[in-house]
Amino acid sequence: MKQSYTIRHGALDGVEVFLAVARHRNFRRAAAELAVTPSAVSQAVRALEARLGTALFVRTTRSVGLTEPGQRYLDRAGPAFEELVSAGEAARDVGQRPTGLLRLSVPRAVVPLILEPMIASFCRAYPEIELEIAASDEMVDLAAGGYDAGIRLGQFIAPDMVAVRLTPPFSFVVVGSPDYLERHGTPEQVSDLSRHACLRLRRANGAIAHWSFADGNGAIEAAVSGPLIAHDYPTLLGAAIQGVGLAQVPRPVADGAIAQRKLEPVLEGFAGATPGVFLYHPGKRQVLPKLRAFIDHLKSAD
């Protein structure tokens with residue numbers, strides 16, 4: 001049988017009233033500050049004293065003073081209440097304007113392609129935001145990790161997330177260095193990969209990713225093999241440039257090396273596509289201004 005629990009009410013009831021009376025040493029002036037009646041102030045103080053089991057004030061017809069328990073309560077409750085007020089103001093501040101710590105979980109490959117070009121301008125535009133970028137290819141639980149948002153390929157984002165597109169769809173391309181292709185030949189069919197050194201990606205769940213290709217309206221998954229397994233695309237790209245083997249990476253990751261002729265694309269007729277890169281966040285409540293500012297800045301930088 002499920003046990004019934006109740007939340008205790010009133011732990012802070014009367015504290016603000018007590019502090020106002022202690023500050024003014026006068027019930028009427030405390031009531032004027034709080035915009036309530038003197039009777040309401042007296043009732044709140046009596047209720048607090050009853051709950052604590054001790055008198056907090058010494059009252060005469062001419063003055064109000066603190067008892068020893070009242071002074072001790074003031075010494076502890078005063079600073080604590082000020083902290084609560086400050087905490088509320090800080091939370092309200094973060095909720096109303098772009099400020100505070102903005103934590104993002106992003107893959108390593110995304111940092112130079114999407115974030116580096118706009119980090120400086122964003123920091124200049126929003127000096128009250130502290131931007132923290134956690135570069136990791138692991139899929140993380142945003143809430144458990146304390147992240148405001150993440151950036152990932154669209155196919156890896158859970159359907160209950162709010163996704164904001166950052167790039168158009170793009171293909172995955174197989175690349176090799178000119179030296180490697182000269183030594184081992186250029187594959188013409190997906191089946192040719194069985195004779196090549198293929199550099200592979202291990203996903204965060206521990207599985208080694210198959211290489212994906214498109215063949216007409218169908219898809220081909222190829223289980224390749226080779227001398228290197230890495231956990232991120234930049235490492236695979238660097239190894240391919242060094243001639244270690246062929247790598248399959250997102251086209252934007254390889255474009256620079258292809259333009260510099262450090263790598264050559266192969267099997268382009270079989271290139272598989274991905275929906276693109278998205279920023280994602282839980283979005284179950286109103287988006288905080290710091291995250292909204294970041295999203296807007298990303299879009300304006302396109």
# chains A, B, ... in the order shown; residues from 1 in each chain; ligands from 1
$ select_by_dssp --residues "region 47-144 of chain A" --states "strand (DSSP E)" --output "ChimeraX atom specification"
/A:57-59,64-66,100-106,129-135
$ write_last_selection --atoms "N, CA, C and O atoms" --output "PDB file, in the first residue's frame"
ATOM      1  N   PHE A  57       9.841  38.701  20.960  1.00  0.00           N
ATOM      2  CA  PHE A  57       9.857  40.124  21.282  1.00  0.00           C
ATOM      3  C   PHE A  57       9.377  40.357  22.710  1.00  0.00           C
ATOM      4  O   PHE A  57       8.542  39.617  23.231  1.00  0.00           O
ATOM      5  N   VAL A  58       9.927  41.428  23.297  1.00  0.00           N
ATOM      6  CA  VAL A  58       9.405  41.960  24.556  1.00  0.00           C
ATOM      7  C   VAL A  58       8.615  43.204  24.186  1.00  0.00           C
ATOM      8  O   VAL A  58       9.155  44.158  23.629  1.00  0.00           O
ATOM      9  N   ARG A  59       7.307  43.194  24.492  1.00  0.00           N
ATOM     10  CA  ARG A  59       6.442  44.290  24.080  1.00  0.00           C
ATOM     11  C   ARG A  59       5.989  45.067  25.316  1.00  0.00           C
ATOM     12  O   ARG A  59       5.563  44.484  26.305  1.00  0.00           O
ATOM     13  N   VAL A  64       9.323  48.081  21.721  1.00  0.00           N
ATOM     14  CA  VAL A  64       9.424  46.673  21.337  1.00  0.00           C
ATOM     15  C   VAL A  64      10.903  46.308  21.334  1.00  0.00           C
ATOM     16  O   VAL A  64      11.724  46.998  20.716  1.00  0.00           O
ATOM     17  N   GLY A  65      11.236  45.249  22.043  1.00  0.00           N
ATOM     18  CA  GLY A  65      12.629  44.787  22.071  1.00  0.00           C
ATOM     19  C   GLY A  65      12.703  43.303  21.783  1.00  0.00           C
ATOM     20  O   GLY A  65      11.698  42.586  21.779  1.00  0.00           O
ATOM     21  N   LEU A  66      13.897  42.827  21.504  1.00  0.00           N
ATOM     22  CA  LEU A  66      14.115  41.409  21.219  1.00  0.00           C
ATOM     23  C   LEU A  66      14.443  40.651  22.496  1.00  0.00           C
ATOM     24  O   LEU A  66      15.197  41.140  23.343  1.00  0.00           O
ATOM     25  N   GLY A 100      24.295  34.728 -17.321  1.00  0.00           N
ATOM     26  CA  GLY A 100      24.531  33.450 -16.657  1.00  0.00           C
ATOM     27  C   GLY A 100      25.406  32.515 -17.477  1.00  0.00           C
ATOM     28  O   GLY A 100      25.942  32.869 -18.528  1.00  0.00           O
ATOM     29  N   LEU A 101      25.542  31.284 -16.981  1.00  0.00           N
ATOM     30  CA  LEU A 101      26.381  30.262 -17.611  1.00  0.00           C
ATOM     31  C   LEU A 101      25.568  29.469 -18.629  1.00  0.00           C
ATOM     32  O   LEU A 101      24.538  28.900 -18.304  1.00  0.00           O
ATOM     33  N   LEU A 102      26.038  29.424 -19.861  1.00  0.00           N
ATOM     34  CA  LEU A 102      25.395  28.667 -20.937  1.00  0.00           C
ATOM     35  C   LEU A 102      26.289  27.485 -21.284  1.00  0.00           C
ATOM     36  O   LEU A 102      27.382  27.661 -21.823  1.00  0.00           O
ATOM     37  N   ARG A 103      25.824  26.260 -20.961  1.00  0.00           N
ATOM     38  CA  ARG A 103      26.624  25.051 -21.168  1.00  0.00           C
ATOM     39  C   ARG A 103      26.090  24.264 -22.362  1.00  0.00           C
ATOM     40  O   ARG A 103      24.901  23.950 -22.427  1.00  0.00           O
ATOM     41  N   LEU A 104      26.988  23.940 -23.297  1.00  0.00           N
ATOM     42  CA  LEU A 104      26.615  23.218 -24.504  1.00  0.00           C
ATOM     43  C   LEU A 104      27.454  21.951 -24.636  1.00  0.00           C
ATOM     44  O   LEU A 104      28.668  21.971 -24.406  1.00  0.00           O
ATOM     45  N   SER A 105      26.816  20.864 -25.026  1.00  0.00           N
ATOM     46  CA  SER A 105      27.511  19.613 -25.340  1.00  0.00           C
ATOM     47  C   SER A 105      27.542  19.470 -26.859  1.00  0.00           C
ATOM     48  O   SER A 105      26.489  19.426 -27.505  1.00  0.00           O
ATOM     49  N   VAL A 106      28.753  19.407 -27.431  1.00  0.00           N
ATOM     50  CA  VAL A 106      28.873  19.392 -28.892  1.00  0.00           C
ATOM     51  C   VAL A 106      29.928  18.379 -29.325  1.00  0.00           C
ATOM     52  O   VAL A 106      30.882  18.119 -28.599  1.00  0.00           O
ATOM     53  N   ILE A 129      27.016  36.671 -20.520  1.00  0.00           N
ATOM     54  CA  ILE A 129      26.863  35.222 -20.646  1.00  0.00           C
ATOM     55  C   ILE A 129      28.236  34.570 -20.617  1.00  0.00           C
ATOM     56  O   ILE A 129      29.154  34.994 -21.315  1.00  0.00           O
ATOM     57  N   GLU A 130      28.391  33.551 -19.787  1.00  0.00           N
ATOM     58  CA  GLU A 130      29.589  32.719 -19.791  1.00  0.00           C
ATOM     59  C   GLU A 130      29.293  31.488 -20.648  1.00  0.00           C
ATOM     60  O   GLU A 130      28.413  30.693 -20.314  1.00  0.00           O
ATOM     61  N   LEU A 131      30.012  31.340 -21.747  1.00  0.00           N
ATOM     62  CA  LEU A 131      29.773  30.234 -22.675  1.00  0.00           C
ATOM     63  C   LEU A 131      30.745  29.097 -22.370  1.00  0.00           C
ATOM     64  O   LEU A 131      31.964  29.281 -22.396  1.00  0.00           O
ATOM     65  N   GLU A 132      30.199  27.931 -22.060  1.00  0.00           N
ATOM     66  CA  GLU A 132      31.019  26.739 -21.810  1.00  0.00           C
ATOM     67  C   GLU A 132      30.686  25.693 -22.872  1.00  0.00           C
ATOM     68  O   GLU A 132      29.539  25.284 -23.021  1.00  0.00           O
ATOM     69  N   ILE A 133      31.715  25.260 -23.608  1.00  0.00           N
ATOM     70  CA  ILE A 133      31.538  24.267 -24.666  1.00  0.00           C
ATOM     71  C   ILE A 133      32.235  22.982 -24.244  1.00  0.00           C
ATOM     72  O   ILE A 133      33.460  22.953 -24.068  1.00  0.00           O
ATOM     73  N   ALA A 134      31.452  21.933 -24.042  1.00  0.00           N
ATOM     74  CA  ALA A 134      31.987  20.620 -23.693  1.00  0.00           C
ATOM     75  C   ALA A 134      32.055  19.798 -24.972  1.00  0.00           C
ATOM     76  O   ALA A 134      31.036  19.306 -25.460  1.00  0.00           O
ATOM     77  N   ALA A 135      33.256  19.686 -25.546  1.00  0.00           N
ATOM     78  CA  ALA A 135      33.436  18.979 -26.815  1.00  0.00           C
ATOM     79  C   ALA A 135      33.596  17.489 -26.554  1.00  0.00           C
ATOM     80  O   ALA A 135      34.599  17.047 -26.002  1.00  0.00           O
TER      81      ALA A 135
END
$ atom_distance --atom1 "CA of Ile157 (chain A)" --atom2 "CA of Val277 (chain A)"
9.8 Å
$ select_by_dssp --residues "region 3-83 of chain A" --states "helix (DSSP H, G or I)" --output "ChimeraX atom specification"
/A:15-24,27-34,38-52,68-83
$ write_last_selection --atoms "N, CA and C atoms" --output "CSV table (one decimal), in the first residue's frame"
chain,number,residue,atom,x,y,z
A,15,VAL,N,8.6,35.0,8.7
A,15,VAL,CA,10.0,35.4,8.9
A,15,VAL,C,10.2,36.8,8.4
A,16,GLU,N,9.7,37.2,7.2
A,16,GLU,CA,9.8,38.5,6.7
A,16,GLU,C,9.2,39.6,7.6
A,17,VAL,N,8.1,39.2,8.2
A,17,VAL,CA,7.4,40.1,9.1
A,17,VAL,C,8.3,40.3,10.4
A,18,PHE,N,8.8,39.2,10.9
A,18,PHE,CA,9.7,39.2,12.1
A,18,PHE,C,10.8,40.2,11.8
A,19,LEU,N,11.5,40.0,10.7
A,19,LEU,CA,12.6,40.8,10.3
A,19,LEU,C,12.3,42.3,10.2
A,20,ALA,N,11.1,42.6,9.7
A,20,ALA,CA,10.7,44.0,9.6
A,20,ALA,C,10.4,44.6,11.0
A,21,VAL,N,9.8,43.9,11.9
A,21,VAL,CA,9.6,44.4,13.2
A,21,VAL,C,10.9,44.5,14.0
A,22,ALA,N,11.8,43.6,13.8
A,22,ALA,CA,13.1,43.6,14.5
A,22,ALA,C,13.9,44.8,14.0
A,23,ARG,N,13.7,45.1,12.7
A,23,ARG,CA,14.5,46.3,12.1
A,23,ARG,C,14.0,47.6,12.6
A,24,HIS,N,12.6,47.7,12.7
A,24,HIS,CA,12.0,49.0,13.1
A,24,HIS,C,11.8,49.1,14.6
A,27,PHE,N,5.8,47.7,15.5
A,27,PHE,CA,4.8,47.0,14.7
A,27,PHE,C,4.2,47.8,13.6
A,28,ARG,N,3.8,49.1,14.0
A,28,ARG,CA,3.1,49.9,13.0
A,28,ARG,C,4.1,50.2,11.8
A,29,ARG,N,5.3,50.6,12.1
A,29,ARG,CA,6.2,50.9,11.0
A,29,ARG,C,6.5,49.7,10.2
A,30,ALA,N,6.6,48.5,10.8
A,30,ALA,CA,6.8,47.3,10.0
A,30,ALA,C,5.6,47.0,9.1
A,31,ALA,N,4.4,47.3,9.7
A,31,ALA,CA,3.2,47.1,8.9
A,31,ALA,C,3.1,48.1,7.7
A,32,ALA,N,3.6,49.3,7.9
A,32,ALA,CA,3.6,50.3,6.8
A,32,ALA,C,4.6,49.9,5.7
A,33,GLU,N,5.7,49.3,6.1
A,33,GLU,CA,6.7,48.9,5.1
A,33,GLU,C,6.2,47.7,4.3
A,34,LEU,N,5.5,46.8,5.0
A,34,LEU,CA,5.0,45.6,4.3
A,34,LEU,C,3.6,45.8,3.6
A,38,PRO,N,-1.4,46.6,11.0
A,38,PRO,CA,-0.6,46.2,12.3
A,38,PRO,C,-1.2,44.9,12.9
A,39,SER,N,-2.5,44.7,12.7
A,39,SER,CA,-3.1,43.5,13.3
A,39,SER,C,-2.5,42.3,12.5
A,40,ALA,N,-2.3,42.4,11.2
A,40,ALA,CA,-1.8,41.3,10.5
A,40,ALA,C,-0.4,41.0,10.9
A,41,VAL,N,0.4,42.0,11.2
A,41,VAL,CA,1.8,41.9,11.6
A,41,VAL,C,1.8,41.1,13.0
A,42,SER,N,1.0,41.6,13.9
A,42,SER,CA,0.9,40.9,15.2
A,42,SER,C,0.5,39.5,15.1
A,43,GLN,N,-0.4,39.2,14.3
A,43,GLN,CA,-0.9,37.8,14.1
A,43,GLN,C,0.3,36.9,13.5
A,44,ALA,N,1.0,37.5,12.6
A,44,ALA,CA,2.1,36.7,11.9
A,44,ALA,C,3.2,36.4,12.9
A,45,VAL,N,3.5,37.4,13.8
A,45,VAL,CA,4.6,37.2,14.8
A,45,VAL,C,4.1,36.2,15.8
A,46,ARG,N,2.9,36.3,16.3
A,46,ARG,CA,2.4,35.3,17.3
A,46,ARG,C,2.4,33.9,16.7
A,47,ALA,N,2.1,33.8,15.4
A,47,ALA,CA,2.1,32.4,14.8
A,47,ALA,C,3.5,31.9,14.7
A,48,LEU,N,4.4,32.8,14.4
A,48,LEU,CA,5.9,32.4,14.3
A,48,LEU,C,6.4,32.0,15.7
A,49,GLU,N,6.0,32.8,16.7
A,49,GLU,CA,6.4,32.4,18.1
A,49,GLU,C,5.8,31.1,18.6
A,50,ALA,N,4.6,30.9,18.2
A,50,ALA,CA,3.9,29.6,18.6
A,50,ALA,C,4.6,28.4,17.9
A,51,ARG,N,5.0,28.6,16.7
A,51,ARG,CA,5.6,27.5,16.0
A,51,ARG,C,7.0,27.2,16.5
A,52,LEU,N,7.7,28.3,16.9
A,52,LEU,CA,9.1,28.1,17.5
A,52,LEU,C,9.0,27.7,19.0
A,68,GLU,N,16.2,37.2,24.2
A,68,GLU,CA,17.5,36.5,23.8
A,68,GLU,C,17.3,35.5,22.7
A,69,PRO,N,16.2,34.7,22.7
A,69,PRO,CA,15.9,33.8,21.6
A,69,PRO,C,15.6,34.6,20.3
A,70,GLY,N,15.0,35.8,20.5
A,70,GLY,CA,14.7,36.6,19.3
A,70,GLY,C,15.9,37.1,18.7
A,71,GLN,N,16.9,37.5,19.5
A,71,GLN,CA,18.2,38.0,19.0
A,71,GLN,C,18.9,36.9,18.3
A,72,ARG,N,18.9,35.7,18.8
A,72,ARG,CA,19.6,34.6,18.2
A,72,ARG,C,18.9,34.3,16.9
A,73,TYR,N,17.6,34.3,16.9
A,73,TYR,CA,16.9,34.0,15.6
A,73,TYR,C,17.2,35.1,14.6
A,74,LEU,N,17.3,36.4,15.0
A,74,LEU,CA,17.6,37.4,14.1
A,74,LEU,C,19.0,37.2,13.5
A,75,ASP,N,20.0,36.9,14.3
A,75,ASP,CA,21.3,36.7,13.9
A,75,ASP,C,21.5,35.6,12.8
A,76,ARG,N,20.6,34.6,12.9
A,76,ARG,CA,20.7,33.5,11.9
A,76,ARG,C,19.7,33.7,10.7
A,77,ALA,N,18.5,34.2,11.1
A,77,ALA,CA,17.5,34.3,10.0
A,77,ALA,C,17.7,35.5,9.1
A,78,GLY,N,18.3,36.5,9.7
A,78,GLY,CA,18.5,37.7,8.8
A,78,GLY,C,19.4,37.5,7.6
A,79,PRO,N,20.6,37.0,7.8
A,79,PRO,CA,21.4,36.7,6.6
A,79,PRO,C,20.9,35.6,5.7
A,80,ALA,N,20.2,34.6,6.3
A,80,ALA,CA,19.6,33.5,5.5
A,80,ALA,C,18.5,34.1,4.6
A,81,PHE,N,17.7,34.9,5.2
A,81,PHE,CA,16.6,35.5,4.4
A,81,PHE,C,17.1,36.4,3.3
A,82,GLU,N,18.2,37.1,3.6
A,82,GLU,CA,18.8,38.0,2.5
A,82,GLU,C,19.3,37.1,1.4
A,83,GLU,N,19.9,35.9,1.7
A,83,GLU,CA,20.4,35.0,0.7
A,83,GLU,C,19.2,34.5,-0.1
$ closest_residue --among "A:Ser171, A:Thr235, A:Thr274, A:Ser136" --to "Gly150 (chain A)" --atoms "only C-alpha atoms"
A:Ser136
$ residues_around --residues "Leu291 (chain A)" --least-positions-apart "3" --cutoff "9 Å" --atoms "only C-alpha atoms" --output "mmCIF file with C-alpha atoms, in the first residue's frame"
data_model
loop_
_atom_site.group_PDB
_atom_site.id
_atom_site.type_symbol
_atom_site.label_atom_id
_atom_site.label_comp_id
_atom_site.auth_asym_id
_atom_site.auth_seq_id
_atom_site.Cartn_x
_atom_site.Cartn_y
_atom_site.Cartn_z
ATOM 1 C CA PRO A 98 20.681 37.065 -21.467
ATOM 2 C CA LEU A 102 25.395 28.667 -20.937
ATOM 3 C CA ASP A 148 21.360 23.923 -21.568
ATOM 4 C CA ALA A 149 21.527 22.421 -25.069
ATOM 5 C CA VAL A 287 13.594 28.941 -23.415
ATOM 6 C CA LEU A 288 15.875 31.008 -21.186
ATOM 7 C CA PHE A 294 22.710 31.935 -28.663
ATOM 8 C CA ILE A 295 20.237 30.391 -31.106
ATOM 9 C CA ASP A 296 19.465 33.789 -32.665
#
